[in-house]
Each structure stands twice: as structure tokens, then as C-alpha cells.
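**Student:** Handing over entry07.pdb, PDB, C-alpha atoms.
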```pdb
ATOM      1  CA  MET A 256       0.000   0.000   0.000
ATOM      2  CA  ASP A 257       1.389   3.376  -1.010
ATOM      3  CA  VAL A 258       1.068   5.588   2.077
ATOM      4  CA  GLU A 259       2.170   9.177   2.609
ATOM      5  CA  ILE A 260       2.945  10.211   6.203
ATOM      6  CA  THR A 261       2.902  13.933   6.971
ATOM      7  CA  ALA A 262       3.053  16.072  10.084
ATOM      8  CA  GLY A 263      -0.294  17.371  11.252
ATOM      9  CA  THR A 264      -1.330  20.488  13.142
ATOM     10  CA  VAL A 265      -4.156  21.637  15.355
ATOM     11  CA  ASP A 266      -6.011  22.524  12.131
ATOM     12  CA  ASP A 267      -6.201  18.808  11.243
ATOM     13  CA  VAL A 268      -7.914  17.686  14.450
ATOM     14  CA  ALA A 269     -11.484  17.851  13.103
ATOM     15  CA  ASP A 270     -10.538  15.443  10.300
ATOM     16  CA  LEU A 271      -9.585  12.772  12.854
ATOM     17  CA  GLU A 272     -13.098  12.250  14.230
ATOM     18  CA  PRO A 273     -14.182   9.307  12.001
ATOM     19  CA  LEU A 274     -10.973   7.419  12.756
ATOM     20  CA  TRP A 275     -11.259   8.117  16.499
ATOM     21  CA  LEU A 276     -14.858   6.862  16.538
ATOM     22  CA  ALA A 277     -13.871   3.685  14.660
ATOM     23  CA  MET A 278     -11.140   3.087  17.250
ATOM     24  CA  LEU A 279     -13.667   3.633  20.024
ATOM     25  CA  ASP A 280     -15.866   0.918  18.486
ATOM     26  CA  HIS A 281     -12.822  -1.342  18.191
ATOM     27  CA  HIS A 282     -12.059  -0.858  21.888
ATOM     28  CA  ARG A 283     -15.658  -1.706  22.686
ATOM     29  CA  GLU A 284     -15.324  -4.907  20.639
ATOM     30  CA  VAL A 285     -12.039  -6.087  22.157
ATOM     31  CA  THR A 286     -13.003  -5.355  25.759
ATOM     32  CA  GLY A 287     -16.572  -6.631  25.567
ATOM     33  CA  GLU A 288     -18.645  -5.698  28.569
ATOM     34  CA  ARG A 289     -15.691  -5.792  30.986
ATOM     35  CA  TRP A 290     -14.835  -2.059  30.843
ATOM     36  CA  PRO A 291     -17.097   0.939  30.285
ATOM     37  CA  VAL A 292     -16.486   2.762  27.008
ATOM     38  CA  ARG A 293     -17.766   6.315  26.534
ATOM     39  CA  GLY A 294     -20.356   7.177  23.946
ATOM     40  CA  PRO A 295     -19.095   8.602  20.660
ATOM     41  CA  GLY A 296     -20.157  12.233  21.144
ATOM     42  CA  GLU A 297     -18.720  12.558  24.625
ATOM     43  CA  SER A 298     -15.555  10.665  23.707
ATOM     44  CA  TRP A 299     -14.793  12.775  20.654
ATOM     45  CA  ALA A 300     -15.505  16.044  22.485
ATOM     46  CA  LEU A 301     -13.023  15.127  25.216
ATOM     47  CA  CYS A 302     -10.428  13.766  22.795
ATOM     48  CA  SER A 303     -10.539  16.676  20.360
ATOM     49  CA  GLU A 304     -10.239  19.171  23.219
ATOM     50  CA  GLN A 305      -7.158  17.333  24.539
ATOM     51  CA  TYR A 306      -5.585  17.148  21.084
ATOM     52  CA  ARG A 307      -6.144  20.858  20.418
ATOM     53  CA  THR A 308      -4.705  21.814  23.803
ATOM     54  CA  TRP A 309      -1.622  19.603  23.518
ATOM     55  CA  LEU A 310      -0.886  20.595  19.925
ATOM     56  CA  GLY A 311      -1.512  24.269  20.668
ATOM     57  CA  GLU A 312       0.942  24.145  23.576
ATOM     58  CA  GLY A 313       3.572  22.326  21.522
ATOM     59  CA  ALA A 314       3.269  19.351  23.870
ATOM     60  CA  ALA A 315       2.362  16.798  21.198
ATOM     61  CA  LEU A 316       3.232  15.590  17.725
ATOM     62  CA  LEU A 317       0.616  14.579  15.165
ATOM     63  CA  PHE A 318       1.304  12.417  12.131
ATOM     64  CA  LEU A 319      -1.246  11.687   9.391
ATOM     65  CA  ALA A 320      -1.323   8.737   6.995
ATOM     66  CA  HIS A 321      -2.946   9.286   3.599
ATOM     67  CA  ARG A 322      -3.271   7.135   0.518
ATOM     68  CA  ALA A 323      -4.228   8.151  -2.978
ATOM     69  CA  THR A 324      -7.675   7.145  -4.191
ATOM     70  CA  PRO A 325      -8.596   6.099  -7.740
ATOM     71  CA  ALA A 326     -10.367   9.473  -8.064
ATOM     72  CA  GLY A 327      -7.060  11.249  -7.523
ATOM     73  CA  THR A 328      -7.829  12.517  -4.026
ATOM     74  CA  ARG A 329      -6.135  11.661  -0.729
ATOM     75  CA  GLU A 330      -7.879   9.540   1.904
ATOM     76  CA  LEU A 331      -6.935   9.825   5.579
ATOM     77  CA  ILE A 332      -6.396   6.212   6.713
ATOM     78  CA  GLY A 333      -4.594   6.658  10.014
ATOM     79  CA  TYR A 334      -2.947   8.942  12.490
ATOM     80  CA  LEU A 335      -0.662   8.961  15.506
ATOM     81  CA  LEU A 336      -0.623  11.502  18.310
ATOM     82  CA  CYS A 337       2.387  11.472  20.641
ATOM     83  CA  GLN A 338       2.581  13.576  23.789
ATOM     84  CA  LEU A 339       5.900  15.031  24.872
ATOM     85  CA  LEU A 340       6.022  14.544  28.636
ATOM     86  CA  PRO A 341       8.585  15.490  31.264
ATOM     87  CA  SER A 342      10.293  12.499  32.802
ATOM     88  CA  GLY A 343       9.361  11.796  36.390
ATOM     89  CA  PRO A 344      11.588  11.487  39.440
ATOM     90  CA  THR A 345      11.986   7.694  39.341
ATOM     91  CA  PHE A 346      13.139   6.725  35.846
ATOM     92  CA  ASP A 347      15.922   8.600  34.052
ATOM     93  CA  LEU A 348      14.338   8.944  30.624
ATOM     94  CA  GLY A 349      16.020  12.235  29.784
ATOM     95  CA  PRO A 350      14.397  15.659  30.047
ATOM     96  CA  SER A 351      11.288  14.366  28.270
ATOM     97  CA  HIS A 352       9.923  11.222  26.717
ATOM     98  CA  GLY A 353       7.324  10.482  24.080
ATOM     99  CA  GLU A 354       4.044   8.840  25.051
ATOM    100  CA  VAL A 355       2.110   7.548  22.052
ATOM    101  CA  HIS A 356      -1.371   8.538  23.112
ATOM    102  CA  SER A 357      -3.259   7.410  20.015
ATOM    103  CA  LEU A 358      -2.426   5.202  17.074
ATOM    104  CA  VAL A 359      -5.432   4.722  14.832
ATOM    105  CA  VAL A 360      -5.614   2.947  11.470
ATOM    106  CA  SER A 361      -8.843   2.507   9.517
ATOM    107  CA  ASP A 362     -10.282  -0.995   9.337
ATOM    108  CA  ARG A 363      -9.660  -1.092   5.562
ATOM    109  CA  ALA A 364      -5.977  -0.253   5.982
ATOM    110  CA  ARG A 365      -5.194  -2.366   9.065
ATOM    111  CA  GLY A 366      -2.485  -4.972   8.478
ATOM    112  CA  GLY A 367      -0.974  -3.039   5.580
ATOM    113  CA  GLY A 368       1.940  -1.448   7.427
ATOM    114  CA  VAL A 369       0.290   1.908   8.117
ATOM    115  CA  GLY A 370       0.650   1.632  11.898
ATOM    116  CA  SER A 371       4.299   0.644  11.548
ATOM    117  CA  ALA A 372       4.944   3.569   9.188
ATOM    118  CA  LEU A 373       3.331   6.021  11.607
ATOM    119  CA  LEU A 374       5.340   4.646  14.534
ATOM    120  CA  GLN A 375       8.614   4.761  12.573
ATOM    121  CA  THR A 376       7.946   8.374  11.544
ATOM    122  CA  CYS A 377       7.234   9.326  15.135
ATOM    123  CA  LYS A 378      10.366   7.522  16.322
ATOM    124  CA  ARG A 379      12.539   9.443  13.831
ATOM    125  CA  GLU A 380      11.042  12.775  14.921
ATOM    126  CA  LEU A 381      11.512  11.997  18.612
ATOM    127  CA  ARG A 382      15.164  11.075  17.987
ATOM    128  CA  ALA A 383      15.669  14.289  15.992
ATOM    129  CA  ARG A 384      14.408  16.196  19.052
ATOM    130  CA  GLY A 385      16.892  14.423  21.312
ATOM    131  CA  VAL A 386      14.272  12.240  22.992
ATOM    132  CA  THR A 387      15.740   8.899  24.085
ATOM    133  CA  HIS A 388      12.663   6.944  25.239
ATOM    134  CA  TRP A 389       9.039   6.513  24.291
ATOM    135  CA  SER A 390       6.121   4.518  25.594
ATOM    136  CA  ILE A 391       2.723   3.369  24.474
ATOM    137  CA  GLY A 392      -0.352   2.140  26.292
ATOM    138  CA  VAL A 393      -2.478  -0.655  24.924
ATOM    139  CA  VAL A 394      -5.663  -2.341  26.050
ATOM    140  CA  GLU A 395      -4.534  -5.806  27.143
ATOM    141  CA  ALA A 396      -7.270  -7.493  25.088
ATOM    142  CA  ASN A 397      -6.050  -5.806  21.881
ATOM    143  CA  ARG A 398      -3.645  -8.637  21.031
ATOM    144  CA  ASP A 399      -2.989  -7.513  17.438
ATOM    145  CA  ALA A 400      -1.782  -4.117  18.665
ATOM    146  CA  VAL A 401       0.353  -5.748  21.374
ATOM    147  CA  ARG A 402       2.080  -7.895  18.731
ATOM    148  CA  LEU A 403       2.743  -4.838  16.542
ATOM    149  CA  TYR A 404       4.271  -2.894  19.424
ATOM    150  CA  GLU A 405       6.426  -5.827  20.488
ATOM    151  CA  ARG A 406       7.734  -6.204  16.896
ATOM    152  CA  LEU A 407       8.793  -2.556  17.061
ATOM    153  CA  GLY A 408      10.754  -3.033  20.288
ATOM    154  CA  PHE A 409       8.233  -2.100  22.959
ATOM    155  CA  ALA A 410       8.243  -4.295  26.057
ATOM    156  CA  PRO A 411       6.152  -4.278  29.234
ATOM    157  CA  TRP A 412       7.322  -1.532  31.582
ATOM    158  CA  VAL A 413       4.638  -0.335  33.993
ATOM    159  CA  GLN A 414       1.553  -2.433  34.394
ATOM    160  CA  HIS A 415      -1.652  -0.483  34.936
ATOM    161  CA  MET A 416      -4.465  -2.402  36.549
ATOM    162  CA  LEU A 417      -8.109  -1.381  36.724
ATOM    163  CA  ALA A 418     -11.003  -2.474  38.918
ATOM    164  CA  PRO A 419     -14.454  -1.059  39.510
ATOM    165  CA  LEU A 420     -14.939   0.100  43.091
ATOM    166  CA  ASP A 421     -18.316  -1.604  43.438
ATOM    167  CA  GLU A 422     -16.905  -5.150  43.390
TER     168      GLU A 422
END
```
Any chance you could put this one into C-alpha cells?
**Tutor:**
Amino acid sequence: MDVEITAGTVDDVADLEPLWLAMLDHHREVTGERWPVRGPGESWALCSEQYRTWLGEGAALLFLAHRATPAGTRELIGYLLCQLLPSGPTFDLGPSHGEVHSLVVSDRARGGGVGSALLQTCKRELRARGVTHWSIGVVEANRDAVRLYERLGFAPWVQHMLAPLDE
């Protein structure tokens, strides 16, 4: 698949909504009824506000994946948003590290190397900025994503556990 990866800006955030909502549905599918997933309107409102804030403050990187269509236009088929976070007091990760907040690839493009291309582009940009470490969170039940991240060198680091308080 011929994919073009470009840097995005705060002006591109509105275009991400369909991909975000598809990812939200995917999370609902892989987690089943075990974990509560927000409704689409509320989820996108919160997400787009975060993205705009982070990008506006220069605290995030956005990468867009497009492919050419037979009609000669470009179709957005994926994106990656990476936060630039200060390192905490425990682990010496340098002045800042990258936290891949969102990696989203359309259902039609999944398995075609788009996620890998987005991650590699992000990795190059982080290195160019002098960042030495990055991390990514993944829903444990999303086994395909876990395999992708492991192939790219990610390994378990901090385990987050979740439990409802009513049990």
C-alpha cells in the first residue's frame, strides 16, 4: 500500500473524528462488557479538546497517513498523536519522553503497514528532538496491537491495573 505520512497540526484535528470513533468501536469490541467505554459524542468532544490543547501548547506531535484514491484525491487512513512529557523522578528517561497517546488505522488499511509507518515516523522525529525513550499504552485485550508494538521493540514496563470500586 502506497502511504504518505505527513506532520499534522491543530487545524487537522477535526478530520480525525471518524478514525477516532472507529477506534472507540474497536475498543468496545475487544473489551466486551468488561470495561465501560464512553459514547461517541462525549468521547470525541473530550479527545478533540485534549488534542487541540496539547498541539496548541507544543506538547504533542501529530502524524497523518494518507493514501491516494482512484479518483485522484487523498484519503486519511490513520494517524498517531504522541505527547511530549517530562520524565518523572523515578526513571531517568532524559528531560522528556514520548508517550504515544493514540495510534489509529482505519479498518480497511489495518495490516498493511500503516501503523508501523506512523510509529517509525514518530520515532525518527523523537530522535531528531533528542528524545531517548518513548512509551505506548495498549488495552490488554487488543492482542494484534500488542504484537505490533512488540515487533517494534516495545516491552512491558509499567503495568496499569483497573477495577471497579463496586466489586
**Student:** For the file shown, what are the residues hit by the PyMOL selection byres ((chain A and resi 389) around 8), laid out as a list in words?
**Tutor:**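 Output from the PyMOL selection byres ((chain A and resi 389) around 8), applied to this file: His352, Gly353, Glu354, Val355, Val386, Thr387, His388, Ser390 and Ile391 of chain A.
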**Student:** Quick one: which residues end up in the PyMOL selection byres ((chain A and resi 409) around 12) for this structure, as a PyMOL selection string?
**Tutor:** chain A and resi 354-355+374+378+388-393+400-408+410-413
**Student:** Residues near Leu310 in chain A, anyone? I mean within 9 Å using all atoms listed in the file, not counting same-chain ones fewer than 5 positions away, as a VMD selection string.
**Tutor:** chain A and resid 264 to 265 305 315 to 317 338
**Student:** Neighbourhood query: residues within 7 Å of (-3.1, 9.9, 16.3), file coordinates, counting all atoms listed in the file; return as a ChimeraX atom specification.
**Tutor:** /A:317-318,334-336,357-359
**Student:** For the residues selected in the previous step, produce a file with C-alpha atoms as a PDB file, in the coordinates of the input.
**Tutor:**
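Saved as again-v5.pdb:
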```pdb
ATOM      1  CA  LEU A 317       0.616  14.579  15.165  1.00  0.00           C
ATOM      2  CA  PHE A 318       1.304  12.417  12.131  1.00  0.00           C
ATOM      3  CA  TYR A 334      -2.947   8.942  12.490  1.00  0.00           C
ATOM      4  CA  LEU A 335      -0.662   8.961  15.506  1.00  0.00           C
ATOM      5  CA  LEU A 336      -0.623  11.502  18.310  1.00  0.00           C
ATOM      6  CA  SER A 357      -3.259   7.410  20.015  1.00  0.00           C
ATOM      7  CA  LEU A 358      -2.426   5.202  17.074  1.00  0.00           C
ATOM      8  CA  VAL A 359      -5.432   4.722  14.832  1.00  0.00           C
TER       9      VAL A 359
END
```
**Student:** Expand the PyMOL selection byres ((chain A and resi 363) around 12) into the individual residues it matches in the shown file, reporting them as JSON, numbers by chain.
**Tutor:** {"A": [256, 274, 277, 322, 330, 331, 332, 333, 359, 360, 361, 362, 364, 365, 366, 367, 368, 369]}
**Student:** Only C-alpha atoms, please: the residues just picked out, written as a compact mmCIF listing (two decimals), in the coordinates of the input.
**Tutor:**
```
# COMPACT_ATOMS: atom_id res chain seq x y z
CA MET A 256 0.00 0.00 0.00
CA LEU A 274 -10.97 7.42 12.76
CA ALA A 277 -13.87 3.68 14.66
CA ARG A 322 -3.27 7.14 0.52
CA GLU A 330 -7.88 9.54 1.90
CA LEU A 331 -6.94 9.82 5.58
CA ILE A 332 -6.40 6.21 6.71
CA GLY A 333 -4.59 6.66 10.01
CA VAL A 359 -5.43 4.72 14.83
CA VAL A 360 -5.61 2.95 11.47
CA SER A 361 -8.84 2.51 9.52
CA ASP A 362 -10.28 -1.00 9.34
CA ALA A 364 -5.98 -0.25 5.98
CA ARG A 365 -5.19 -2.37 9.06
CA GLY A 366 -2.48 -4.97 8.48
CA GLY A 367 -0.97 -3.04 5.58
CA GLY A 368 1.94 -1.45 7.43
CA VAL A 369 0.29 1.91 8.12
```
**Student:** Expressed in Å to a single decimal, how great is the separation between CA of Arg329 in chain A and CA of Ile260 in chain A?
**Tutor:**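 About the pair CA of Arg329 in chain A and CA of Ile260 in chain A: they are 11.5 Å apart.
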**Student:** Starting from 4 Å padding per side, set up an axis-aligned box that covers all listed atoms of range 394-405 of chain A and hand over centre and edge lengths in Å, one decimal, as JSON.
**Tutor:**
```
{"center_x": -0.4, "center_y": -5.5, "center_z": 21.8, "size_x": 21.7, "size_y": 14.3, "size_z": 18.6}
```
**Student:** For Val285 in chain A, please output as a PyMOL selection string all residues within 12 Å (counting all atoms listed in the file; exclusion window: fewer than 5 positions along the same chain).
**Tutor:** chain A and resi 278-280+290-292+393-400
**Student:** Between CA of Gly296 in chain A and CA of Glu284 in chain A, what distance in Å does the model show, to one decimal?
**Tutor:**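 Between these atoms lies a distance of 17.8 Å.
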**Student:** Out of A:Pro419, A:Asp266, A:Gly327, A:Asp257, which residue has the shortest atom-to-atom distance to Thr308 in chain A when counting all atoms listed in the file?
**Tutor:**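 Ranked by minimum distance to Thr308 in chain A, first place goes to A:Asp266.
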**Student:** Report the distance between CA of Trp275 in chain A and CA of Trp299 in chain A in Å, rounded to one decimal place.
**Tutor:**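 Between CA of Trp275 in chain A and CA of Trp299 in chain A the gap is 7.2 Å.
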**Student:** Using all atoms listed in the file, which residue out of A:His415, A:Asp421, A:Leu381, A:Val258 lies closest to Ala323 in chain A?
**Tutor:** A:Val258
**Student:** Within 8 Å of Arg307 in chain A, counting only C-alpha atoms, which residues show up once you throw out same-chain ones fewer than 4 positions away? Write them as a list in words, please.
**Tutor:**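 The residues satisfying every condition are Val265, Val268, Ser303 and Gly311 of chain A.
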**Student:** So, counting all atoms listed in the file, which residue among A:Leu276, A:His356, A:Gln414, A:Ala372 is closest to Thr261 in chain A?
**Tutor:**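 Using all atoms listed in the file, Thr261 in chain A sits closest to A:Ala372.
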